[in-house]
Amino acid sequence: MRVIVCENYEEVSKEAAKIVASQLILKPDSVLGLATGSTPVGMYNILAEKNKAGEIDFKDVKSFNLDEYYPMAADHDQSYRYFMNENLFNHINIDIENTHVLNGLAENPEKECDDFEKMIDAAGGIDLQVLGIGQNGHIGFNEPDDFLYANTHLTDLTDNTIQANSRFFDKIEDVPTKALTMGIASILKSKRIIILASGENKRDAVTELIEGEISTKNPATMLKVHKDVIVICDKAAYSK
Ligand code: GLP
């Protein structure tokens, strides 16, 4: 695992955008795994600027998002589909048909998850997966537990995550208690992974990720078995 420690959030965003841009330059038809949350927003803004400036092209890119709340309508302003459209897809030349976000209203969530896995495989697998990290070490919505799921699945959210994500909703009761998420193996199958973290509230999770033992109680530590992971964090998230 390589660790890049940046001065601040802006630098984290720039470093991450540099890696994504290089990926697209080397392989214009890359398959990207994308994340939501506040952390990648700066990176998405820079990627949109680079696209506008003609430095990178999303014409042949395919994307798969890590997760979606369940139940959640795609046009709800807190859905991850809405988030991706607002923060990235509407600002770049990606074909929206090539962007895949799990359907938060799927009647048969199990089938939705199986189909999603198959679509990733059919696309040739994820070349570069972008991750954030939850305060409790979750990646996607793989929450700390006694065991973790390999494949894309429906999961319960922990109180910690519901609390952390309630800042985006009017009241905590509005936060969905379940989500569809790629599993740990779905994430580890990606050829390269970058994981972004910024701010003091991520310090414990990042310390565990870098120094801790592999444990299902901190799902991000599972990344230690992957041969090409880059942690990009700022000093506030790293200082231990
Ligand atoms: C959310 C998402 C994760 C994200 C994490 C951190 O719940 N499911 O994919 O990485 O929480 O979010 P933030 O970047 O806003 O701290």
# chains A, B, ... in the order shown; residues from 1 in each chain; ligands from 1
call {"tool": "closest_atom_pairs", "arguments": {"of": "chain A", "to": "ligand 1", "cutoff": "10 Å", "atoms": "only C-alpha atoms and all ligand atoms", "output": "JSON lines"}}
result
{"residue": "A:Leu34", "atom": "CA", "partner": "ligand 1", "partner_atom_place_in_ligand_line": "9 (O)", "distance": 8.6}
{"residue": "A:Ala35", "atom": "CA", "partner": "ligand 1", "partner_atom_place_in_ligand_line": "9 (O)", "distance": 5.2}
{"residue": "A:Thr36", "atom": "CA", "partner": "ligand 1", "partner_atom_place_in_ligand_line": "9 (O)", "distance": 5.3}
{"residue": "A:Gly37", "atom": "CA", "partner": "ligand 1", "partner_atom_place_in_ligand_line": "15 (O)", "distance": 3.5}
{"residue": "A:Ser38", "atom": "CA", "partner": "ligand 1", "partner_atom_place_in_ligand_line": "15 (O)", "distance": 3.7}
{"residue": "A:Thr39", "atom": "CA", "partner": "ligand 1", "partner_atom_place_in_ligand_line": "14 (O)", "distance": 3.7}
{"residue": "A:Pro40", "atom": "CA", "partner": "ligand 1", "partner_atom_place_in_ligand_line": "14 (O)", "distance": 6.6}
{"residue": "A:Val41", "atom": "CA", "partner": "ligand 1", "partner_atom_place_in_ligand_line": "14 (O)", "distance": 8.4}
{"residue": "A:Asn65", "atom": "CA", "partner": "ligand 1", "partner_atom_place_in_ligand_line": "9 (O)", "distance": 9.0}
{"residue": "A:Leu66", "atom": "CA", "partner": "ligand 1", "partner_atom_place_in_ligand_line": "9 (O)", "distance": 6.6}
{"residue": "A:Asp67", "atom": "CA", "partner": "ligand 1", "partner_atom_place_in_ligand_line": "8 (N)", "distance": 6.3}
{"residue": "A:Glu68", "atom": "CA", "partner": "ligand 1", "partner_atom_place_in_ligand_line": "8 (N)", "distance": 7.5}
{"residue": "A:Tyr69", "atom": "CA", "partner": "ligand 1", "partner_atom_place_in_ligand_line": "8 (N)", "distance": 8.4}
{"residue": "A:Tyr80", "atom": "CA", "partner": "ligand 1", "partner_atom_place_in_ligand_line": "8 (N)", "distance": 8.9}
{"residue": "A:Val130", "atom": "CA", "partner": "ligand 1", "partner_atom_place_in_ligand_line": "10 (O)", "distance": 9.1}
{"residue": "A:Leu131", "atom": "CA", "partner": "ligand 1", "partner_atom_place_in_ligand_line": "10 (O)", "distance": 5.8}
{"residue": "A:Gly132", "atom": "CA", "partner": "ligand 1", "partner_atom_place_in_ligand_line": "10 (O)", "distance": 3.3}
{"residue": "A:Ile133", "atom": "CA", "partner": "ligand 1", "partner_atom_place_in_ligand_line": "10 (O)", "distance": 4.2}
{"residue": "A:Gly134", "atom": "CA", "partner": "ligand 1", "partner_atom_place_in_ligand_line": "6 (C)", "distance": 4.3}
{"residue": "A:Gln135", "atom": "CA", "partner": "ligand 1", "partner_atom_place_in_ligand_line": "6 (C)", "distance": 7.1}
{"residue": "A:Asn136", "atom": "CA", "partner": "ligand 1", "partner_atom_place_in_ligand_line": "5 (C)", "distance": 9.3}
{"residue": "A:Gly137", "atom": "CA", "partner": "ligand 1", "partner_atom_place_in_ligand_line": "5 (C)", "distance": 8.8}
{"residue": "A:His138", "atom": "CA", "partner": "ligand 1", "partner_atom_place_in_ligand_line": "5 (C)", "distance": 7.0}
{"residue": "A:Ile139", "atom": "CA", "partner": "ligand 1", "partner_atom_place_in_ligand_line": "9 (O)", "distance": 5.6}
{"residue": "A:Gly140", "atom": "CA", "partner": "ligand 1", "partner_atom_place_in_ligand_line": "9 (O)", "distance": 3.9}
{"residue": "A:Phe141", "atom": "CA", "partner": "ligand 1", "partner_atom_place_in_ligand_line": "8 (N)", "distance": 4.8}
{"residue": "A:Asn142", "atom": "CA", "partner": "ligand 1", "partner_atom_place_in_ligand_line": "8 (N)", "distance": 8.3}
{"residue": "A:Glu143", "atom": "CA", "partner": "ligand 1", "partner_atom_place_in_ligand_line": "8 (N)", "distance": 9.5}
{"residue": "A:Leu157", "atom": "CA", "partner": "ligand 1", "partner_atom_place_in_ligand_line": "7 (O)", "distance": 8.8}
{"residue": "A:Asn160", "atom": "CA", "partner": "ligand 1", "partner_atom_place_in_ligand_line": "7 (O)", "distance": 9.8}
{"residue": "A:Thr161", "atom": "CA", "partner": "ligand 1", "partner_atom_place_in_ligand_line": "7 (O)", "distance": 6.2}
{"residue": "A:Ile162", "atom": "CA", "partner": "ligand 1", "partner_atom_place_in_ligand_line": "7 (O)", "distance": 8.1}
{"residue": "A:Gln163", "atom": "CA", "partner": "ligand 1", "partner_atom_place_in_ligand_line": "7 (O)", "distance": 9.9}
{"residue": "A:Ala164", "atom": "CA", "partner": "ligand 1", "partner_atom_place_in_ligand_line": "7 (O)", "distance": 7.6}
{"residue": "A:Asn165", "atom": "CA", "partner": "ligand 1", "partner_atom_place_in_ligand_line": "7 (O)", "distance": 6.2}
{"residue": "A:Ser166", "atom": "CA", "partner": "ligand 1", "partner_atom_place_in_ligand_line": "7 (O)", "distance": 9.9}
{"residue": "A:Arg167", "atom": "CA", "partner": "ligand 1", "partner_atom_place_in_ligand_line": "15 (O)", "distance": 9.4}
{"residue": "A:Phe168", "atom": "CA", "partner": "ligand 1", "partner_atom_place_in_ligand_line": "15 (O)", "distance": 9.3}
{"residue": "A:Ala179", "atom": "CA", "partner": "ligand 1", "partner_atom_place_in_ligand_line": "8 (N)", "distance": 8.6}
{"residue": "A:Leu180", "atom": "CA", "partner": "ligand 1", "partner_atom_place_in_ligand_line": "8 (N)", "distance": 9.6}
{"residue": "A:Thr181", "atom": "CA", "partner": "ligand 1", "partner_atom_place_in_ligand_line": "8 (N)", "distance": 8.1}
{"residue": "A:Ile195", "atom": "CA", "partner": "ligand 1", "partner_atom_place_in_ligand_line": "10 (O)", "distance": 8.6}
{"residue": "A:Leu196", "atom": "CA", "partner": "ligand 1", "partner_atom_place_in_ligand_line": "14 (O)", "distance": 8.1}
{"residue": "A:Ala197", "atom": "CA", "partner": "ligand 1", "partner_atom_place_in_ligand_line": "14 (O)", "distance": 7.2}
{"residue": "A:Ser198", "atom": "CA", "partner": "ligand 1", "partner_atom_place_in_ligand_line": "16 (O)", "distance": 7.9}
{"residue": "A:Gly199", "atom": "CA", "partner": "ligand 1", "partner_atom_place_in_ligand_line": "16 (O)", "distance": 8.8}
{"residue": "A:Asn201", "atom": "CA", "partner": "ligand 1", "partner_atom_place_in_ligand_line": "16 (O)", "distance": 8.5}
{"residue": "A:Lys202", "atom": "CA", "partner": "ligand 1", "partner_atom_place_in_ligand_line": "16 (O)", "distance": 7.8}
call {"tool": "residues_around", "arguments": {"residues": "Gln78 of chain A", "least_positions_apart": "2", "cutoff": "10 Å", "atoms": "only C-alpha atoms", "output": "list in words"}}
result
Glu68, Tyr69, Met72, Ala73, Ala74, Asp75, His76, Tyr80, Arg81, Tyr82, Phe83, Phe168, Phe169 and Val175 of chain A
call {"tool": "write_last_selection", "arguments": {"atoms": "N, CA, C and O atoms", "output": "CSV table (one decimal), in the first residue's frame"}}
result
chain,number,residue,atom,x,y,z
A,68,GLU,N,-25.7,2.4,-3.2
A,68,GLU,CA,-26.9,3.2,-3.3
A,68,GLU,C,-27.8,2.9,-2.0
A,68,GLU,O,-27.8,1.8,-1.6
A,69,TYR,N,-28.4,3.9,-1.5
A,69,TYR,CA,-29.4,3.7,-0.4
A,69,TYR,C,-30.5,2.8,-0.9
A,69,TYR,O,-30.8,2.8,-2.1
A,72,MET,N,-34.5,3.9,-2.2
A,72,MET,CA,-34.2,5.2,-2.6
A,72,MET,C,-34.5,5.4,-4.1
A,72,MET,O,-34.0,4.7,-4.9
A,73,ALA,N,-35.3,6.4,-4.4
A,73,ALA,CA,-35.6,6.7,-5.8
A,73,ALA,C,-34.4,7.4,-6.4
A,73,ALA,O,-33.8,8.3,-5.8
A,74,ALA,N,-34.2,7.1,-7.7
A,74,ALA,CA,-33.0,7.7,-8.4
A,74,ALA,C,-33.1,9.3,-8.4
A,74,ALA,O,-32.1,10.0,-8.3
A,75,ASP,N,-34.3,9.8,-8.5
A,75,ASP,CA,-34.4,11.3,-8.6
A,75,ASP,C,-34.5,12.0,-7.3
A,75,ASP,O,-34.7,13.2,-7.2
A,76,HIS,N,-34.4,11.2,-6.2
A,76,HIS,CA,-34.4,11.9,-4.8
A,76,HIS,C,-33.1,12.6,-4.7
A,76,HIS,O,-32.1,12.1,-5.1
A,80,TYR,N,-27.7,8.4,-4.6
A,80,TYR,CA,-26.3,8.5,-5.1
A,80,TYR,C,-26.3,8.7,-6.6
A,80,TYR,O,-25.3,9.2,-7.2
A,81,ARG,N,-27.4,8.3,-7.3
A,81,ARG,CA,-27.5,8.5,-8.7
A,81,ARG,C,-27.6,10.1,-8.9
A,81,ARG,O,-26.9,10.6,-9.8
A,82,TYR,N,-28.4,10.7,-8.1
A,82,TYR,CA,-28.6,12.2,-8.2
A,82,TYR,C,-27.2,12.9,-7.9
A,82,TYR,O,-26.8,13.8,-8.6
A,83,PHE,N,-26.6,12.4,-6.9
A,83,PHE,CA,-25.3,12.9,-6.5
A,83,PHE,C,-24.3,12.8,-7.6
A,83,PHE,O,-23.6,13.8,-8.0
A,168,PHE,N,-26.9,15.2,5.7
A,168,PHE,CA,-27.4,15.5,4.3
A,168,PHE,C,-28.9,15.5,4.3
A,168,PHE,O,-29.5,15.8,3.3
A,169,PHE,N,-29.6,15.0,5.4
A,169,PHE,CA,-31.0,14.9,5.4
A,169,PHE,C,-31.6,15.9,6.4
A,169,PHE,O,-30.9,16.4,7.2
A,175,VAL,N,-33.0,9.2,7.0
A,175,VAL,CA,-31.8,8.4,6.5
A,175,VAL,C,-32.2,7.0,6.3
A,175,VAL,O,-32.7,6.3,7.3
call {"tool": "residues_around", "arguments": {"residues": "segment 23-28 of chain A", "least_positions_apart": "4", "cutoff": "12 Å", "atoms": "only C-alpha atoms", "output": "number ranges by chain"}}
result
A: 16-19, 32, 47, 50-51, 54-62, 94, 126-130, 191-194
call {"tool": "select_by_dssp", "arguments": {"residues": "segment 9-213 of chain A", "states": "alpha helix (DSSP H)", "output": "PyMOL selection string"}}
result
chain A and resi 9-26+41-52+80-87+109-122+159-165+184-188+203-211
call {"tool": "residues_around", "arguments": {"residues": "His153 of chain A", "least_positions_apart": "3", "cutoff": "9 Å", "atoms": "only C-alpha atoms", "output": "list in words"}}
result
Pro109, Glu110, Glu112, Cys113, Asp114, Tyr149, Ala150, Ala179, Leu180, Thr181, Met182 and Gly183 of chain A
call {"tool": "write_last_selection", "arguments": {"atoms": "N, CA, C and O atoms", "output": "compact mmCIF listing (two decimals), in the first residue's frame"}}
result
# COMPACT_ATOMS: atom_id res chain seq x y z
N PRO A 109 -33.89 -7.00 -4.90
CA PRO A 109 -32.54 -6.49 -4.68
C PRO A 109 -31.45 -7.52 -4.96
O PRO A 109 -30.36 -7.17 -5.44
N GLU A 110 -31.75 -8.78 -4.67
CA GLU A 110 -30.75 -9.82 -4.90
C GLU A 110 -30.37 -9.91 -6.38
O GLU A 110 -29.21 -9.99 -6.74
N GLU A 112 -30.88 -7.54 -8.60
CA GLU A 112 -30.21 -6.28 -8.96
C GLU A 112 -28.70 -6.38 -8.68
O GLU A 112 -27.87 -5.98 -9.51
N CYS A 113 -28.37 -6.94 -7.52
CA CYS A 113 -26.96 -7.06 -7.12
C CYS A 113 -26.22 -8.06 -8.03
O CYS A 113 -25.09 -7.79 -8.47
N ASP A 114 -26.86 -9.19 -8.33
CA ASP A 114 -26.23 -10.19 -9.22
C ASP A 114 -25.99 -9.59 -10.60
O ASP A 114 -24.93 -9.77 -11.20
N TYR A 149 -19.41 -9.47 3.40
CA TYR A 149 -19.89 -10.13 2.18
C TYR A 149 -18.90 -9.91 1.03
O TYR A 149 -18.32 -8.83 0.91
N ALA A 150 -18.75 -10.93 0.20
CA ALA A 150 -17.84 -10.82 -0.93
C ALA A 150 -18.46 -9.98 -2.05
O ALA A 150 -17.83 -9.07 -2.58
N ALA A 179 -28.87 -0.33 2.47
CA ALA A 179 -28.24 0.10 1.21
C ALA A 179 -27.84 -1.12 0.40
O ALA A 179 -27.68 -2.22 0.94
N LEU A 180 -27.70 -0.89 -0.90
CA LEU A 180 -27.10 -1.90 -1.78
C LEU A 180 -25.64 -1.48 -1.93
O LEU A 180 -25.36 -0.29 -2.13
N THR A 181 -24.74 -2.42 -1.84
CA THR A 181 -23.32 -2.05 -1.95
C THR A 181 -22.50 -3.15 -2.60
O THR A 181 -22.79 -4.33 -2.43
N MET A 182 -21.50 -2.76 -3.34
CA MET A 182 -20.51 -3.73 -3.81
C MET A 182 -19.93 -4.39 -2.56
O MET A 182 -19.80 -3.76 -1.51
N GLY A 183 -19.55 -5.64 -2.69
CA GLY A 183 -18.94 -6.34 -1.56
C GLY A 183 -17.43 -6.16 -1.56
O GLY A 183 -16.87 -5.46 -2.42
call {"tool": "residues_around", "arguments": {"residues": "Glu15 of chain A", "least_positions_apart": "4", "cutoff": "10 Å", "atoms": "only C-alpha atoms", "output": "PyMOL selection string"}}
result
chain A and resi 4-6+9-11+19-21+43+196+232-233
call {"tool": "residues_around", "arguments": {"residues": "Phe116 of chain A", "least_positions_apart": "2", "cutoff": "9 Å", "atoms": "only C-alpha atoms", "output": "JSON, numbers by chain"}}
result
{"A": [64, 100, 101, 102, 111, 112, 113, 114, 118, 119, 120, 121, 152, 182]}
call {"tool": "residues_around", "arguments": {"residues": "Lys217 of chain A", "least_positions_apart": "5", "cutoff": "7 Å", "atoms": "only C-alpha atoms", "output": "mmCIF file with C-alpha atoms, in the first residue's frame"}}
result
data_model
loop_
_atom_site.group_PDB
_atom_site.id
_atom_site.type_symbol
_atom_site.label_atom_id
_atom_site.label_comp_id
_atom_site.auth_asym_id
_atom_site.auth_seq_id
_atom_site.Cartn_x
_atom_site.Cartn_y
_atom_site.Cartn_z
ATOM 1 C CA PRO A 144 -17.776 -3.307 10.446
ATOM 2 C CA ASP A 145 -19.153 -6.710 11.423
ATOM 3 C CA ASP A 146 -18.140 -10.249 12.412
#
call {"tool": "select_by_dssp", "arguments": {"residues": "segment 78-154 of chain A", "states": "strand (DSSP E or B)", "output": "ChimeraX atom specification"}}
result
/A:99-100,128-131,139,142,153-154
call {"tool": "write_last_selection", "arguments": {"atoms": "C-alpha atoms", "output": "PDB file, in the first residue's frame"}}
result
ATOM      1  CA  THR A  99     -22.850   5.055 -16.004  1.00  0.00           C
ATOM      2  CA  HIS A 100     -24.164   2.417 -13.648  1.00  0.00           C
ATOM      3  CA  LEU A 128      -9.508   2.030 -11.225  1.00  0.00           C
ATOM      4  CA  GLN A 129     -11.699   2.084  -8.141  1.00  0.00           C
ATOM      5  CA  VAL A 130     -12.083   5.330  -6.189  1.00  0.00           C
ATOM      6  CA  LEU A 131     -12.984   4.923  -2.515  1.00  0.00           C
ATOM      7  CA  ILE A 139     -15.830   1.168   2.343  1.00  0.00           C
ATOM      8  CA  ASN A 142     -19.458  -2.595   3.929  1.00  0.00           C
ATOM      9  CA  HIS A 153     -25.521  -7.208  -1.618  1.00  0.00           C
ATOM     10  CA  LEU A 154     -28.244  -5.538   0.437  1.00  0.00           C
TER      11      LEU A 154
END
call {"tool": "atom_distance", "arguments": {"atom1": "atom CA of Ile46 of chain A", "atom2": "atom CA of Arg203 of chain A"}}
result
24.7 Å
call {"tool": "closest_residue", "arguments": {"among": "A:Ser79, A:Tyr238, A:Ile187, A:Thr221", "to": "Asp204 of chain A", "atoms": "only C-alpha atoms"}}
result
A:Tyr238
call {"tool": "decode", "arguments": {"residues": "segment 220-231 of chain A", "atoms": "all heavy atoms", "output": "PDB file, in the first residue's frame"}}
result
ATOM      1  N   ALA A 220     -11.971  -1.430   5.721  1.00  0.00           N
ATOM      2  CA  ALA A 220     -10.939  -0.861   4.839  1.00  0.00           C
ATOM      3  C   ALA A 220      -9.623  -1.631   4.947  1.00  0.00           C
ATOM      4  O   ALA A 220      -8.842  -1.673   3.990  1.00  0.00           O
ATOM      5  CB  ALA A 220     -10.712   0.617   5.171  1.00  0.00           C
ATOM      6  N   THR A 221      -9.363  -2.269   6.100  1.00  0.00           N
ATOM      7  CA  THR A 221      -8.096  -3.002   6.256  1.00  0.00           C
ATOM      8  C   THR A 221      -8.006  -4.186   5.288  1.00  0.00           C
ATOM      9  O   THR A 221      -6.918  -4.691   5.036  1.00  0.00           O
ATOM     10  CB  THR A 221      -7.897  -3.528   7.701  1.00  0.00           C
ATOM     11  OG1 THR A 221      -8.987  -4.403   8.026  1.00  0.00           O
ATOM     12  CG2 THR A 221      -7.809  -2.395   8.705  1.00  0.00           C
ATOM     13  N   MET A 222      -9.137  -4.615   4.743  1.00  0.00           N
ATOM     14  CA  MET A 222      -9.142  -5.701   3.749  1.00  0.00           C
ATOM     15  C   MET A 222      -8.323  -5.305   2.516  1.00  0.00           C
ATOM     16  O   MET A 222      -7.846  -6.151   1.774  1.00  0.00           O
ATOM     17  CB  MET A 222     -10.574  -6.013   3.290  1.00  0.00           C
ATOM     18  CG  MET A 222     -11.442  -6.538   4.381  1.00  0.00           C
ATOM     19  SD  MET A 222     -10.969  -8.225   4.753  1.00  0.00           S
ATOM     20  CE  MET A 222     -11.531  -8.355   6.423  1.00  0.00           C
ATOM     21  N   LEU A 223      -8.178  -3.985   2.305  1.00  0.00           N
ATOM     22  CA  LEU A 223      -7.434  -3.499   1.141  1.00  0.00           C
ATOM     23  C   LEU A 223      -5.963  -3.891   1.212  1.00  0.00           C
ATOM     24  O   LEU A 223      -5.249  -3.849   0.208  1.00  0.00           O
ATOM     25  CB  LEU A 223      -7.557  -1.976   1.025  1.00  0.00           C
ATOM     26  CG  LEU A 223      -8.976  -1.422   0.843  1.00  0.00           C
ATOM     27  CD1 LEU A 223      -8.943   0.104   0.877  1.00  0.00           C
ATOM     28  CD2 LEU A 223      -9.594  -1.908  -0.474  1.00  0.00           C
ATOM     29  N   LYS A 224      -5.507  -4.258   2.415  1.00  0.00           N
ATOM     30  CA  LYS A 224      -4.089  -4.622   2.569  1.00  0.00           C
ATOM     31  C   LYS A 224      -3.701  -5.845   1.747  1.00  0.00           C
ATOM     32  O   LYS A 224      -2.525  -6.078   1.506  1.00  0.00           O
ATOM     33  CB  LYS A 224      -3.785  -4.911   4.034  1.00  0.00           C
ATOM     34  CG  LYS A 224      -3.743  -3.680   4.921  1.00  0.00           C
ATOM     35  CD  LYS A 224      -3.651  -4.131   6.364  1.00  0.00           C
ATOM     36  CE  LYS A 224      -3.726  -2.995   7.333  1.00  0.00           C
ATOM     37  NZ  LYS A 224      -2.446  -2.291   7.489  1.00  0.00           N
ATOM     38  N   VAL A 225      -4.685  -6.659   1.343  1.00  0.00           N
ATOM     39  CA  VAL A 225      -4.332  -7.851   0.552  1.00  0.00           C
ATOM     40  C   VAL A 225      -4.203  -7.520  -0.942  1.00  0.00           C
ATOM     41  O   VAL A 225      -3.803  -8.371  -1.729  1.00  0.00           O
ATOM     42  CB  VAL A 225      -5.361  -9.007   0.730  1.00  0.00           C
ATOM     43  CG1 VAL A 225      -5.489  -9.387   2.199  1.00  0.00           C
ATOM     44  CG2 VAL A 225      -6.721  -8.661   0.130  1.00  0.00           C
ATOM     45  N   HIS A 226      -4.559  -6.306  -1.311  1.00  0.00           N
ATOM     46  CA  HIS A 226      -4.511  -5.918  -2.732  1.00  0.00           C
ATOM     47  C   HIS A 226      -3.126  -5.368  -3.072  1.00  0.00           C
ATOM     48  O   HIS A 226      -2.517  -4.681  -2.260  1.00  0.00           O
ATOM     49  CB  HIS A 226      -5.596  -4.870  -3.004  1.00  0.00           C
ATOM     50  CG  HIS A 226      -5.866  -4.629  -4.447  1.00  0.00           C
ATOM     51  ND1 HIS A 226      -5.023  -3.862  -5.220  1.00  0.00           N
ATOM     52  CD2 HIS A 226      -6.867  -5.032  -5.257  1.00  0.00           C
ATOM     53  CE1 HIS A 226      -5.511  -3.813  -6.453  1.00  0.00           C
ATOM     54  NE2 HIS A 226      -6.633  -4.516  -6.499  1.00  0.00           N
ATOM     55  N   LYS A 227      -2.673  -5.640  -4.282  1.00  0.00           N
ATOM     56  CA  LYS A 227      -1.291  -5.260  -4.580  1.00  0.00           C
ATOM     57  C   LYS A 227      -1.125  -3.833  -5.103  1.00  0.00           C
ATOM     58  O   LYS A 227      -0.007  -3.358  -5.255  1.00  0.00           O
ATOM     59  CB  LYS A 227      -0.658  -6.260  -5.554  1.00  0.00           C
ATOM     60  CG  LYS A 227      -1.270  -6.288  -6.953  1.00  0.00           C
ATOM     61  CD  LYS A 227      -0.476  -7.258  -7.812  1.00  0.00           C
ATOM     62  CE  LYS A 227      -0.859  -7.278  -9.264  1.00  0.00           C
ATOM     63  NZ  LYS A 227      -2.225  -6.931  -9.649  1.00  0.00           N
ATOM     64  N   ASP A 228      -2.208  -3.153  -5.384  1.00  0.00           N
ATOM     65  CA  ASP A 228      -2.069  -1.807  -5.939  1.00  0.00           C
ATOM     66  C   ASP A 228      -3.095  -0.846  -5.338  1.00  0.00           C
ATOM     67  O   ASP A 228      -4.095  -0.510  -5.963  1.00  0.00           O
ATOM     68  CB  ASP A 228      -2.207  -1.883  -7.473  1.00  0.00           C
ATOM     69  CG  ASP A 228      -1.732  -0.619  -8.148  1.00  0.00           C
ATOM     70  OD1 ASP A 228      -1.420   0.360  -7.429  1.00  0.00           O
ATOM     71  OD2 ASP A 228      -1.674  -0.590  -9.386  1.00  0.00           O
ATOM     72  N   VAL A 229      -2.803  -0.450  -4.104  1.00  0.00           N
ATOM     73  CA  VAL A 229      -3.704   0.481  -3.404  1.00  0.00           C
ATOM     74  C   VAL A 229      -2.922   1.742  -3.046  1.00  0.00           C
ATOM     75  O   VAL A 229      -1.804   1.659  -2.543  1.00  0.00           O
ATOM     76  CB  VAL A 229      -4.253  -0.150  -2.096  1.00  0.00           C
ATOM     77  CG1 VAL A 229      -5.095   0.867  -1.328  1.00  0.00           C
ATOM     78  CG2 VAL A 229      -5.083  -1.383  -2.400  1.00  0.00           C
ATOM     79  N   ILE A 230      -3.511   2.882  -3.324  1.00  0.00           N
ATOM     80  CA  ILE A 230      -2.881   4.151  -2.942  1.00  0.00           C
ATOM     81  C   ILE A 230      -3.820   4.890  -1.992  1.00  0.00           C
ATOM     82  O   ILE A 230      -4.982   5.165  -2.334  1.00  0.00           O
ATOM     83  CB  ILE A 230      -2.586   5.043  -4.172  1.00  0.00           C
ATOM     84  CG1 ILE A 230      -1.819   4.249  -5.243  1.00  0.00           C
ATOM     85  CG2 ILE A 230      -1.805   6.278  -3.758  1.00  0.00           C
ATOM     86  CD1 ILE A 230      -1.637   4.994  -6.558  1.00  0.00           C
ATOM     87  N   VAL A 231      -3.319   5.169  -0.793  1.00  0.00           N
ATOM     88  CA  VAL A 231      -4.082   5.970   0.173  1.00  0.00           C
ATOM     89  C   VAL A 231      -3.678   7.420  -0.057  1.00  0.00           C
ATOM     90  O   VAL A 231      -2.490   7.737  -0.034  1.00  0.00           O
ATOM     91  CB  VAL A 231      -3.722   5.578   1.633  1.00  0.00           C
ATOM     92  CG1 VAL A 231      -4.553   6.381   2.627  1.00  0.00           C
ATOM     93  CG2 VAL A 231      -3.887   4.079   1.851  1.00  0.00           C
TER      94      VAL A 231
END
